[in-house]
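All remarks here apply to the structure that follows.
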Amino acid sequence: MSSLEISSSCFNRETKLPLSPPLVEDSAFEPSRKDIDEVEEKSKDVINFTAEKLSVDEVSQLVMSPLCGAVSLFVGTTRNNFEGKKVISLEYEAYLPMAKNEVKKICSDIRQKWPVKHIAVFHRLGLVPVSEASIIIAVSSAHRAASLEAVSYAIDTLKAKVPIWKKEIYEESSSWKGNKECFWASGDAAPSVHGPHFEEQCFLLSQNFEGSLRVLQNILWSLLET
């Protein structure tokens, strides 16, 4: 017998129970859909270096959120020319341990500067044919200003700090190119044996002849000082 049946047995058949007043939902005690969504959906940073072909749709879906009204994208593609030469494809290499750490720092900086929800940074390695994407950066936010500014900051900082190199492959030749914004491209970027990331900086600077000379020079001076 249910509890309702038990309580009803205390009255005779002619006794009428007063009707209970209708229940009124109190929004002060019931969590709203928005609050539930914010609790369930945590912000995420998705970073990926891959030899696979990149998909704009797949990357943009990773940052979609019902809490956001904007998704901003930057898509870098291989163009078919450079200084009058016909480009067949680009080839990318990266020093992955340092590259991933630098991209993580970029995501952290973005979150300190703008109220964004999700961030995705995908970079392709190896050969990238003409018109295919080499990098896709996607950021979602409640309003467009934050995600637009964050995407711009992300690509500019990535080119300046993340150790990625590209080879331009022409019809009859090829040439490795470095970003002019990169810190290791400047003359004062020689590392110190006493400083952090010494091995990584040596690797970066040794990618060109002048960098190798700066590395050797700095090592000699550091040894003389000890």
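Note on naming: chains are A, B, ... as they come in the structure tokens, residues start from 1 per chain, ligands start from 1 in the order shown.
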List the neighbours of Thr50 of chain A out to 9 Å using only C-alpha atoms; skip same-chain residues closer than 5 positions along the sequence, and give me the result as number ranges by chain.
A: 122-126
Resulting file, chosen residues, N, CA and C atoms, as a JSON list (two decimals), in the first residue's frame:
```
[["chain", "number", "residue", "atom", "x", "y", "z"],
["A", 122, "PHE", "N", 45.50, 24.43, -34.79],
["A", 122, "PHE", "CA", 45.93, 23.26, -35.55],
["A", 122, "PHE", "C", 46.97, 23.70, -36.59],
["A", 123, "HIS", "N", 48.11, 23.01, -36.61],
["A", 123, "HIS", "CA", 49.15, 23.32, -37.60],
["A", 123, "HIS", "C", 49.55, 22.05, -38.32],
["A", 124, "ARG", "N", 49.58, 22.12, -39.62],
["A", 124, "ARG", "CA", 49.95, 20.96, -40.43],
["A", 124, "ARG", "C", 51.46, 20.90, -40.61],
["A", 125, "LEU", "N", 52.02, 19.71, -40.58],
["A", 125, "LEU", "CA", 53.44, 19.48, -40.81],
["A", 125, "LEU", "C", 53.61, 18.66, -42.08],
["A", 126, "GLY", "N", 54.81, 18.71, -42.65],
["A", 126, "GLY", "CA", 55.05, 18.00, -43.90],
["A", 126, "GLY", "C", 54.59, 18.83, -45.09]]
```
Can you pull out every residue within 12 Å of Leu127 of chain A, counting only C-alpha atoms, but drop anything in the same chain fewer than 5 positions away, and send it as an MDAnalysis selection string?
chainID A and resid 50:53 77:78 88:93 132:134 165:169
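Relative to atom CA of Pro129 of chain A, atom CA of Lys85 of chain A is found at 15.3 Å.
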Using only C-alpha atoms, which of A:Lys161, A:Lys113, A:His118, A:Arg79 sits nearest Val59 of chain A?
A:His118
Looking only at the backbone, which of the residues in segment 68-194 of chain A does DSSP tag as strand (DSSP E), as a PyMOL selection string?
chain A and resi 70-77+81-82+85-94+116-124+126-129+133-141+164-170+174-177
If we count only C-alpha atoms, what is near Ser140 of chain A at a cut-off of 7 Å, once residues fewer than 4 positions away on the same chain are taken out, given as a list in words?
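My reading of the contact set: Val63, Met64, Cys68, Ala70, Val71, Ser72, Val116, Lys117, His118, Ile119 and Ser147 of chain A.
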Output file for the residues above (N, CA and C atoms, as a PDB file, in the first residue's frame):
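Final file, result-v8.pdb:
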```pdb
ATOM      1  N   VAL A  63      35.223  24.478 -31.197  1.00  0.00           N
ATOM      2  CA  VAL A  63      35.083  25.651 -30.327  1.00  0.00           C
ATOM      3  C   VAL A  63      33.638  26.148 -30.248  1.00  0.00           C
ATOM      4  N   MET A  64      32.721  25.493 -30.931  1.00  0.00           N
ATOM      5  CA  MET A  64      31.319  25.905 -30.867  1.00  0.00           C
ATOM      6  C   MET A  64      30.775  25.729 -29.453  1.00  0.00           C
ATOM      7  N   CYS A  68      28.150  30.974 -26.654  1.00  0.00           N
ATOM      8  CA  CYS A  68      28.883  31.945 -27.461  1.00  0.00           C
ATOM      9  C   CYS A  68      28.079  32.394 -28.674  1.00  0.00           C
ATOM     10  N   ALA A  70      29.869  34.087 -31.135  1.00  0.00           N
ATOM     11  CA  ALA A  70      30.866  34.353 -32.172  1.00  0.00           C
ATOM     12  C   ALA A  70      31.925  33.257 -32.198  1.00  0.00           C
ATOM     13  N   VAL A  71      32.309  32.874 -33.400  1.00  0.00           N
ATOM     14  CA  VAL A  71      33.458  32.008 -33.633  1.00  0.00           C
ATOM     15  C   VAL A  71      34.308  32.684 -34.697  1.00  0.00           C
ATOM     16  N   SER A  72      35.535  33.033 -34.342  1.00  0.00           N
ATOM     17  CA  SER A  72      36.438  33.698 -35.285  1.00  0.00           C
ATOM     18  C   SER A  72      37.529  32.733 -35.714  1.00  0.00           C
ATOM     19  N   VAL A 116      37.297  34.724 -23.593  1.00  0.00           N
ATOM     20  CA  VAL A 116      36.963  33.749 -24.636  1.00  0.00           C
ATOM     21  C   VAL A 116      36.574  32.422 -23.993  1.00  0.00           C
ATOM     22  N   LYS A 117      35.900  31.571 -24.769  1.00  0.00           N
ATOM     23  CA  LYS A 117      35.442  30.286 -24.245  1.00  0.00           C
ATOM     24  C   LYS A 117      36.378  29.151 -24.635  1.00  0.00           C
ATOM     25  N   HIS A 118      36.464  28.843 -25.928  1.00  0.00           N
ATOM     26  CA  HIS A 118      37.303  27.744 -26.403  1.00  0.00           C
ATOM     27  C   HIS A 118      38.327  28.258 -27.416  1.00  0.00           C
ATOM     28  N   ILE A 119      39.491  27.580 -27.451  1.00  0.00           N
ATOM     29  CA  ILE A 119      40.555  27.933 -28.388  1.00  0.00           C
ATOM     30  C   ILE A 119      41.043  26.653 -29.060  1.00  0.00           C
ATOM     31  N   SER A 147      36.850  37.436 -29.678  1.00  0.00           N
ATOM     32  CA  SER A 147      37.397  36.351 -30.494  1.00  0.00           C
ATOM     33  C   SER A 147      38.185  36.877 -31.688  1.00  0.00           C
TER      34      SER A 147
END
```
Please measure the separation of atom CA of Asp109 of chain A and atom CA of Leu158 of chain A, giving the value in Å to one decimal.
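Separation of atom CA of Asp109 of chain A and atom CA of Leu158 of chain A: 11.9 Å.
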For the structure I just gave you, how does DSSP split segment 83-128 of chain A - specifically, which residues are helix (DSSP H, G or I)? Reply as a PyMOL selection string.
chain A and resi 96-113
Top pick for closest residue to Leu96 of chain A, considering A:Asn48, A:Ser55, A:Ser108, A:Ser60 and counting only C-alpha atoms
A:Asn48
For Ile106 of chain A, list every protein, DNA or RNA residue within 9 Å, evaluated using only C-alpha atoms, and leave out those in the same chain fewer than 6 positions away; present the list as a count of residues only.
4
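Candidate residues A:Val130, A:Val56, A:Val121, A:Ala160 were compared for distance to Asn81 of chain A, and the nearest is A:Val130, using only C-alpha atoms.
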